[in-house]
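In what follows, a structure is listed as structure tokens, so that the remarks can point back to it.
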Amino acid sequence: MSKVYQPHDRFFKKAKEQGYRARSAFKLQAIQARFHLIRPGDKVLDLGAAPGSFLQLIGKLVGLKGMAIGIDLKPIKDLKKPNVKTMVGDILDDNIYHQLGIGRFDVITSDLAPSTSGIKSLDAGRSFQLNEQVLKVAERYLKPGGHVVMKAFPGAEHDTLLKKAKGLFKTIKVFKPEAVRRSSREVYLVGLHLKS
Ligand SMILES: C[S@@+](CC[C@H](N)C(=O)[O-])C[C@H]1O[C@@H](n2cnc3c(N)ncnc32)[C@H](O)[C@@H]1O
């Protein structure tokens, strides 16, 4: 089987056909199909949300009685959905969460990816720093029993991250959706039921 990078693979084409802004939507769709995390009426916070394909799917899943808020360093083009809001900001800046105006969330999703330097250990370290913050935000802003989904790259600090996540959630699953490129080490950590 060829490992050649194919920018226009079948998930890219499927995203175009279905009007999603990125193929990432199919990663979250597979996670949702497996774990049923997001329900109608839920409030969901999406970290690292640009260009907005997770938000497009989350908006459908929560419906008009629910709410999705996405944060990214980059502006997200208006999704034109009354139940989806976006903010520009750094998820590492604790002040940004005070502006959300929603108490606690049912689910937090993170597809955060640091800008890569090409130096493996440095990139893994940056990803770990972002994911440590995701767990901090989950601890502070998830409802008891809430769930988290976060992108991670197995590396030196992966076990530390897993250990921290296991301390916060009743169940931790590591899942690699089909839409993740074969050549990528990317996986998603799914934390089910925040301990109260
Ligand atoms: C793979 S993309 C997310 C794709 C998105 N889930 C979608 O479905 O359209 C990763 C995003 O993480 C964002 N990001 C990286 N570091 C960040 C930070 N410190 N604060 C906010 N966003 C960040 C990047 O700007 C980038 O847009």
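How things are named: the first chain in the structure tokens is A, the next is B, and so on; residues count from 1 in each chain; ligands count from 1 in the order shown.
All residues in range 103-146 of chain A with a DSSP state of helix (DSSP H, G or I), computed from the backbone, read Lys120, Ser121, Leu122, Asp123, Ala124, Gly125, Arg126, Ser127, Phe128, Gln129, Leu130, Asn131, Glu132, Gln133, Val134, Leu135, Lys136, Val137, Ala138, Glu139, Arg140 and Tyr141 of chain A.
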**Message:** I want to know what sits within 10 Å of Asp94 in chain A, based on only C-alpha atoms, with residues of the same chain fewer than 6 positions away left out; could you give that as an NGL selection string?
**Reply:** :A and (133 or 136-137)
What would the file look like if the residues just selected were written as an mmCIF file, in the first residue's frame with C-alpha atoms?
data_model
loop_
_atom_site.group_PDB
_atom_site.id
_atom_site.type_symbol
_atom_site.label_atom_id
_atom_site.label_comp_id
_atom_site.auth_asym_id
_atom_site.auth_seq_id
_atom_site.Cartn_x
_atom_site.Cartn_y
_atom_site.Cartn_z
ATOM 1 C CA GLN A 133 -4.414 23.136 28.961
ATOM 2 C CA LYS A 136 -7.257 22.099 32.798
ATOM 3 C CA VAL A 137 -10.158 23.685 30.911
#
Ligand 1: which residues are within 9 Å, counting only C-alpha atoms and all ligand atoms? Reply as a PDB file with N, CA and C atoms, in the first residue's frame.
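Here's the written file result-v8.pdb:
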ATOM      1  N   TYR A  20     -18.554  20.381   4.014  1.00  0.00           N
ATOM      2  CA  TYR A  20     -17.729  20.604   5.204  1.00  0.00           C
ATOM      3  C   TYR A  20     -16.461  21.364   4.830  1.00  0.00           C
ATOM      4  N   ARG A  21     -16.014  22.219   5.747  1.00  0.00           N
ATOM      5  CA  ARG A  21     -14.850  23.063   5.466  1.00  0.00           C
ATOM      6  C   ARG A  21     -13.537  22.292   5.529  1.00  0.00           C
ATOM      7  N   ALA A  22     -13.550  21.131   6.161  1.00  0.00           N
ATOM      8  CA  ALA A  22     -12.325  20.320   6.261  1.00  0.00           C
ATOM      9  C   ALA A  22     -12.707  18.857   6.431  1.00  0.00           C
ATOM     10  N   ARG A  23     -11.773  17.986   6.093  1.00  0.00           N
ATOM     11  CA  ARG A  23     -12.007  16.546   6.231  1.00  0.00           C
ATOM     12  C   ARG A  23     -12.082  16.119   7.692  1.00  0.00           C
ATOM     13  N   SER A  24     -11.620  16.990   8.606  1.00  0.00           N
ATOM     14  CA  SER A  24     -11.632  16.671  10.048  1.00  0.00           C
ATOM     15  C   SER A  24     -13.031  16.310  10.537  1.00  0.00           C
ATOM     16  N   ALA A  25     -14.058  16.845   9.865  1.00  0.00           N
ATOM     17  CA  ALA A  25     -15.440  16.557  10.286  1.00  0.00           C
ATOM     18  C   ALA A  25     -15.669  15.049  10.369  1.00  0.00           C
ATOM     19  N   PHE A  26     -15.025  14.292   9.479  1.00  0.00           N
ATOM     20  CA  PHE A  26     -15.261  12.844   9.459  1.00  0.00           C
ATOM     21  C   PHE A  26     -14.524  12.126  10.590  1.00  0.00           C
ATOM     22  N   LYS A  27     -13.526  12.794  11.154  1.00  0.00           N
ATOM     23  CA  LYS A  27     -12.867  12.229  12.337  1.00  0.00           C
ATOM     24  C   LYS A  27     -13.856  12.316  13.515  1.00  0.00           C
ATOM     25  N   LEU A  28     -14.429  13.514  13.683  1.00  0.00           N
ATOM     26  CA  LEU A  28     -15.379  13.687  14.790  1.00  0.00           C
ATOM     27  C   LEU A  28     -16.623  12.826  14.563  1.00  0.00           C
ATOM     28  N   ASP A  46     -15.435  23.989  21.480  1.00  0.00           N
ATOM     29  CA  ASP A  46     -14.491  23.394  20.515  1.00  0.00           C
ATOM     30  C   ASP A  46     -13.212  24.227  20.497  1.00  0.00           C
ATOM     31  N   LEU A  47     -12.100  23.633  20.901  1.00  0.00           N
ATOM     32  CA  LEU A  47     -10.819  24.355  21.006  1.00  0.00           C
ATOM     33  C   LEU A  47      -9.956  24.067  19.776  1.00  0.00           C
ATOM     34  N   GLY A  48      -9.452  25.108  19.147  1.00  0.00           N
ATOM     35  CA  GLY A  48      -8.703  24.940  17.898  1.00  0.00           C
ATOM     36  C   GLY A  48      -9.690  24.640  16.787  1.00  0.00           C
ATOM     37  N   ALA A  49     -10.616  25.580  16.558  1.00  0.00           N
ATOM     38  CA  ALA A  49     -11.829  25.268  15.782  1.00  0.00           C
ATOM     39  C   ALA A  49     -11.776  25.647  14.303  1.00  0.00           C
ATOM     40  N   ALA A  50     -10.774  26.436  13.881  1.00  0.00           N
ATOM     41  CA  ALA A  50     -10.725  26.891  12.475  1.00  0.00           C
ATOM     42  C   ALA A  50     -10.297  25.751  11.563  1.00  0.00           C
ATOM     43  N   PRO A  51     -10.807  25.631  10.351  1.00  0.00           N
ATOM     44  CA  PRO A  51     -11.768  26.540   9.713  1.00  0.00           C
ATOM     45  C   PRO A  51     -13.226  26.319  10.106  1.00  0.00           C
ATOM     46  N   GLY A  52     -13.525  25.250  10.850  1.00  0.00           N
ATOM     47  CA  GLY A  52     -14.881  25.160  11.387  1.00  0.00           C
ATOM     48  C   GLY A  52     -15.653  23.887  11.054  1.00  0.00           C
ATOM     49  N   SER A  53     -14.984  22.840  10.572  1.00  0.00           N
ATOM     50  CA  SER A  53     -15.761  21.645  10.182  1.00  0.00           C
ATOM     51  C   SER A  53     -16.297  20.886  11.400  1.00  0.00           C
ATOM     52  N   PHE A  54     -15.531  20.838  12.501  1.00  0.00           N
ATOM     53  CA  PHE A  54     -16.074  20.228  13.731  1.00  0.00           C
ATOM     54  C   PHE A  54     -17.340  20.995  14.127  1.00  0.00           C
ATOM     55  N   LEU A  55     -17.242  22.337  14.081  1.00  0.00           N
ATOM     56  CA  LEU A  55     -18.375  23.168  14.513  1.00  0.00           C
ATOM     57  C   LEU A  55     -19.606  22.936  13.636  1.00  0.00           C
ATOM     58  N   GLN A  56     -19.369  22.720  12.330  1.00  0.00           N
ATOM     59  CA  GLN A  56     -20.499  22.455  11.433  1.00  0.00           C
ATOM     60  C   GLN A  56     -21.248  21.204  11.888  1.00  0.00           C
ATOM     61  N   LEU A  57     -20.472  20.159  12.211  1.00  0.00           N
ATOM     62  CA  LEU A  57     -21.088  18.901  12.642  1.00  0.00           C
ATOM     63  C   LEU A  57     -21.714  19.058  14.035  1.00  0.00           C
ATOM     64  N   ILE A  71     -13.182  28.296  19.531  1.00  0.00           N
ATOM     65  CA  ILE A  71     -12.103  29.280  19.742  1.00  0.00           C
ATOM     66  C   ILE A  71     -10.917  28.886  18.874  1.00  0.00           C
ATOM     67  N   ASP A  72     -10.313  29.871  18.239  1.00  0.00           N
ATOM     68  CA  ASP A  72      -9.087  29.602  17.471  1.00  0.00           C
ATOM     69  C   ASP A  72      -8.260  30.886  17.395  1.00  0.00           C
ATOM     70  N   LEU A  73      -6.969  30.713  17.172  1.00  0.00           N
ATOM     71  CA  LEU A  73      -6.078  31.860  16.955  1.00  0.00           C
ATOM     72  C   LEU A  73      -6.492  32.593  15.681  1.00  0.00           C
ATOM     73  N   LYS A  74      -7.034  31.810  14.725  1.00  0.00           N
ATOM     74  CA  LYS A  74      -7.436  32.401  13.440  1.00  0.00           C
ATOM     75  C   LYS A  74      -8.934  32.678  13.442  1.00  0.00           C
ATOM     76  N   PRO A  75      -9.354  33.738  12.755  1.00  0.00           N
ATOM     77  CA  PRO A  75     -10.798  33.976  12.657  1.00  0.00           C
ATOM     78  C   PRO A  75     -11.485  32.857  11.869  1.00  0.00           C
ATOM     79  N   ILE A  76     -12.687  32.536  12.278  1.00  0.00           N
ATOM     80  CA  ILE A  76     -13.467  31.487  11.608  1.00  0.00           C
ATOM     81  C   ILE A  76     -14.575  32.176  10.820  1.00  0.00           C
ATOM     82  N   VAL A  88     -12.010  34.622  18.483  1.00  0.00           N
ATOM     83  CA  VAL A  88     -10.589  34.576  18.138  1.00  0.00           C
ATOM     84  C   VAL A  88      -9.811  34.714  19.434  1.00  0.00           C
ATOM     85  N   GLY A  89      -8.897  33.796  19.690  1.00  0.00           N
ATOM     86  CA  GLY A  89      -8.099  33.894  20.905  1.00  0.00           C
ATOM     87  C   GLY A  89      -7.185  32.704  21.067  1.00  0.00           C
ATOM     88  N   ASP A  90      -6.318  32.838  22.069  1.00  0.00           N
ATOM     89  CA  ASP A  90      -5.350  31.787  22.379  1.00  0.00           C
ATOM     90  C   ASP A  90      -5.927  30.928  23.507  1.00  0.00           C
ATOM     91  N   ILE A  91      -6.073  29.653  23.274  1.00  0.00           N
ATOM     92  CA  ILE A  91      -6.684  28.791  24.300  1.00  0.00           C
ATOM     93  C   ILE A  91      -5.790  28.661  25.539  1.00  0.00           C
ATOM     94  N   LEU A  92      -4.525  29.098  25.413  1.00  0.00           N
ATOM     95  CA  LEU A  92      -3.620  29.059  26.578  1.00  0.00           C
ATOM     96  C   LEU A  92      -3.846  30.262  27.501  1.00  0.00           C
ATOM     97  N   ASP A  93      -4.615  31.251  27.011  1.00  0.00           N
ATOM     98  CA  ASP A  93      -4.888  32.460  27.794  1.00  0.00           C
ATOM     99  C   ASP A  93      -6.129  32.216  28.665  1.00  0.00           C
ATOM    100  N   THR A 109     -14.423  19.556  22.829  1.00  0.00           N
ATOM    101  CA  THR A 109     -13.666  18.889  21.767  1.00  0.00           C
ATOM    102  C   THR A 109     -12.417  19.716  21.486  1.00  0.00           C
ATOM    103  N   SER A 110     -11.329  19.044  21.155  1.00  0.00           N
ATOM    104  CA  SER A 110     -10.105  19.751  20.785  1.00  0.00           C
ATOM    105  C   SER A 110      -9.434  19.032  19.625  1.00  0.00           C
ATOM    106  N   ASP A 111      -9.253  19.795  18.563  1.00  0.00           N
ATOM    107  CA  ASP A 111      -8.516  19.286  17.396  1.00  0.00           C
ATOM    108  C   ASP A 111      -7.263  20.153  17.242  1.00  0.00           C
ATOM    109  N   LEU A 112      -6.812  20.712  18.378  1.00  0.00           N
ATOM    110  CA  LEU A 112      -5.688  21.660  18.375  1.00  0.00           C
ATOM    111  C   LEU A 112      -4.445  21.053  17.746  1.00  0.00           C
ATOM    112  N   ALA A 113      -3.818  21.832  16.890  1.00  0.00           N
ATOM    113  CA  ALA A 113      -2.542  21.400  16.319  1.00  0.00           C
ATOM    114  C   ALA A 113      -1.608  22.601  16.361  1.00  0.00           C
ATOM    115  N   PRO A 114      -0.449  22.481  17.021  1.00  0.00           N
ATOM    116  CA  PRO A 114       0.477  23.614  17.066  1.00  0.00           C
ATOM    117  C   PRO A 114       1.088  23.831  15.689  1.00  0.00           C
ATOM    118  N   SER A 115       1.535  25.051  15.426  1.00  0.00           N
ATOM    119  CA  SER A 115       2.259  25.235  14.165  1.00  0.00           C
ATOM    120  C   SER A 115       3.561  24.450  14.296  1.00  0.00           C
ATOM    121  N   ARG A 126       4.991  20.930  22.229  1.00  0.00           N
ATOM    122  CA  ARG A 126       3.972  21.982  22.051  1.00  0.00           C
ATOM    123  C   ARG A 126       2.565  21.376  22.115  1.00  0.00           C
ATOM    124  N   SER A 127       2.426  20.220  21.481  1.00  0.00           N
ATOM    125  CA  SER A 127       1.133  19.550  21.486  1.00  0.00           C
ATOM    126  C   SER A 127       0.766  19.148  22.922  1.00  0.00           C
ATOM    127  N   LEU A 130      -0.507  22.152  24.851  1.00  0.00           N
ATOM    128  CA  LEU A 130      -1.897  22.470  24.489  1.00  0.00           C
ATOM    129  C   LEU A 130      -2.852  21.488  25.165  1.00  0.00           C
ATOM    130  N   LYS A 151      -7.175  15.733  20.372  1.00  0.00           N
ATOM    131  CA  LYS A 151      -6.175  15.159  19.458  1.00  0.00           C
ATOM    132  C   LYS A 151      -4.838  15.056  20.182  1.00  0.00           C
TER     133      LYS A 151
END
**Message:** Show me, as a list in words, the residues that have an atom within 6 Å of Lys43 in chain A when counting only C-alpha atoms, minus same-chain residues fewer than 2 positions from it.
**Reply:** Gly66, Met67, Ala68, Phe105 and Asp106 of chain A
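Excluding Leu161 in chain A and any residue on its chain fewer than 5 positions from it, the residues at most 10 Å away by only C-alpha atoms are Phe128, Gln129, Asn131, Glu132, Leu135, Ala152, Pro154, Ala156, Lys166, Gly167 and Leu189 of chain A.
In terms of minimum interatomic distance to Gly155 in chain A, A:Gly125 ranks closest within A:Gly41, A:Gly125, A:Gly19, A:Pro177, counting only C-alpha atoms.
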Run DSSP on the backbone of this structure and report the residues of range 80-131 of chain A it assigns to strand (DSSP E), as a compact mmCIF listing (two decimals) with C-alpha atoms, in the first residue's frame.
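What ended up in result-v1.txt:
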# COMPACT_ATOMS: atom_id res chain seq x y z
CA VAL A 84 -22.79 28.30 16.76
CA LYS A 85 -20.55 31.11 18.01
CA THR A 86 -16.86 31.68 17.39
CA MET A 87 -14.13 33.63 19.13
CA VAL A 88 -10.59 34.58 18.14
CA PHE A 105 -20.25 22.54 29.04
CA ASP A 106 -21.49 19.00 28.36
CA VAL A 107 -18.63 18.23 25.98
CA ILE A 108 -15.26 19.79 25.08
CA THR A 109 -13.67 18.89 21.77
CA SER A 110 -10.11 19.75 20.78
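Reported to one decimal place, the separation of CA of Tyr97 in chain A from CA of Lys77 in chain A is 20.7 Å.
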**Request:** Considering only C-alpha atoms, state which residue in the set A:Gln99, A:Asp159, A:Ala165, A:Arg181 is at the smallest distance from Ala138 in chain A.
**Result:** A:Ala165
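The nearest approach to Pro82 in chain A among the residues A:Ile69, A:Pro40, A:Ala124, A:His147, with only C-alpha atoms taken into account, belongs to A:Ile69.
From CA of Lys60 in chain A back to CA of Gly191 in chain A, the distance works out to 21.9 Å.
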Residues near Val190 in chain A, anyone? I mean within 8 Å using only C-alpha atoms, not counting same-chain ones fewer than 6 positions away, as a short mmCIF file (atom, residue, chain, number, x, y, z; two decimals) with all heavy atoms, in the first residue's frame.
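around_4.cif was written with the following content:
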data_model
loop_
_atom_site.label_atom_id
_atom_site.label_comp_id
_atom_site.auth_asym_id
_atom_site.auth_seq_id
_atom_site.Cartn_x
_atom_site.Cartn_y
_atom_site.Cartn_z
N HIS A 147 -17.86 15.04 28.91
CA HIS A 147 -16.86 14.28 28.12
C HIS A 147 -15.89 15.21 27.40
O HIS A 147 -16.23 16.35 27.08
CB HIS A 147 -17.56 13.43 27.05
CG HIS A 147 -18.74 12.67 27.55
ND1 HIS A 147 -18.67 11.79 28.61
CD2 HIS A 147 -20.04 12.66 27.15
CE1 HIS A 147 -19.86 11.26 28.82
NE2 HIS A 147 -20.72 11.79 27.95
N VAL A 148 -14.70 14.69 27.11
CA VAL A 148 -13.71 15.45 26.34
C VAL A 148 -13.19 14.58 25.19
O VAL A 148 -13.12 13.35 25.31
CB VAL A 148 -12.53 15.92 27.25
CG1 VAL A 148 -11.58 14.79 27.58
CG2 VAL A 148 -11.75 17.04 26.60
N VAL A 149 -12.88 15.25 24.08
CA VAL A 149 -12.21 14.58 22.95
C VAL A 149 -11.02 15.43 22.62
O VAL A 149 -11.17 16.65 22.43
CB VAL A 149 -13.11 14.58 21.68
CG1 VAL A 149 -12.33 14.01 20.50
CG2 VAL A 149 -14.37 13.81 21.90
N MET A 150 -9.83 14.87 22.56
CA MET A 150 -8.66 15.69 22.24
C MET A 150 -7.67 14.96 21.34
O MET A 150 -7.39 13.79 21.52
CB MET A 150 -7.97 16.17 23.51
CG MET A 150 -7.55 15.07 24.43
SD MET A 150 -7.42 15.66 26.12
CE MET A 150 -5.84 16.44 26.01
N ILE A 172 -11.07 6.27 29.85
CA ILE A 172 -10.29 6.91 28.78
C ILE A 172 -10.14 5.91 27.64
O ILE A 172 -9.78 4.75 27.86
CB ILE A 172 -8.87 7.30 29.27
CG1 ILE A 172 -8.93 8.33 30.40
CG2 ILE A 172 -8.00 7.81 28.12
CD1 ILE A 172 -9.41 9.70 29.98
N LYS A 173 -10.43 6.36 26.44
CA LYS A 173 -10.26 5.52 25.25
C LYS A 173 -9.32 6.23 24.29
O LYS A 173 -9.35 7.48 24.20
CB LYS A 173 -11.60 5.30 24.53
CG LYS A 173 -12.64 4.63 25.38
CD LYS A 173 -12.41 3.14 25.45
CE LYS A 173 -13.51 2.45 26.25
NZ LYS A 173 -13.20 1.06 26.52
N VAL A 174 -8.50 5.48 23.60
CA VAL A 174 -7.64 6.05 22.55
C VAL A 174 -8.19 5.53 21.23
O VAL A 174 -8.35 4.32 21.05
CB VAL A 174 -6.17 5.63 22.73
CG1 VAL A 174 -5.30 6.21 21.61
CG2 VAL A 174 -5.65 6.10 24.09
N PHE A 175 -8.50 6.45 20.31
CA PHE A 175 -9.22 6.07 19.09
C PHE A 175 -8.56 6.71 17.88
O PHE A 175 -8.21 7.89 17.91
CB PHE A 175 -10.67 6.55 19.23
CG PHE A 175 -11.57 6.16 18.09
CD1 PHE A 175 -11.89 4.83 17.85
CD2 PHE A 175 -12.12 7.12 17.27
CE1 PHE A 175 -12.74 4.47 16.82
CE2 PHE A 175 -12.97 6.77 16.21
CZ PHE A 175 -13.29 5.44 16.00
#
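Nearest-residue note for Gln29 in chain A: choosing from A:Asn95, A:Glu178, A:Lys13, A:Lys120, the minimum distance belongs to A:Glu178, counting only C-alpha atoms.
Taking CA of Phe153 in chain A and CA of His98 in chain A as the two end points, the separation is 29.0 Å.
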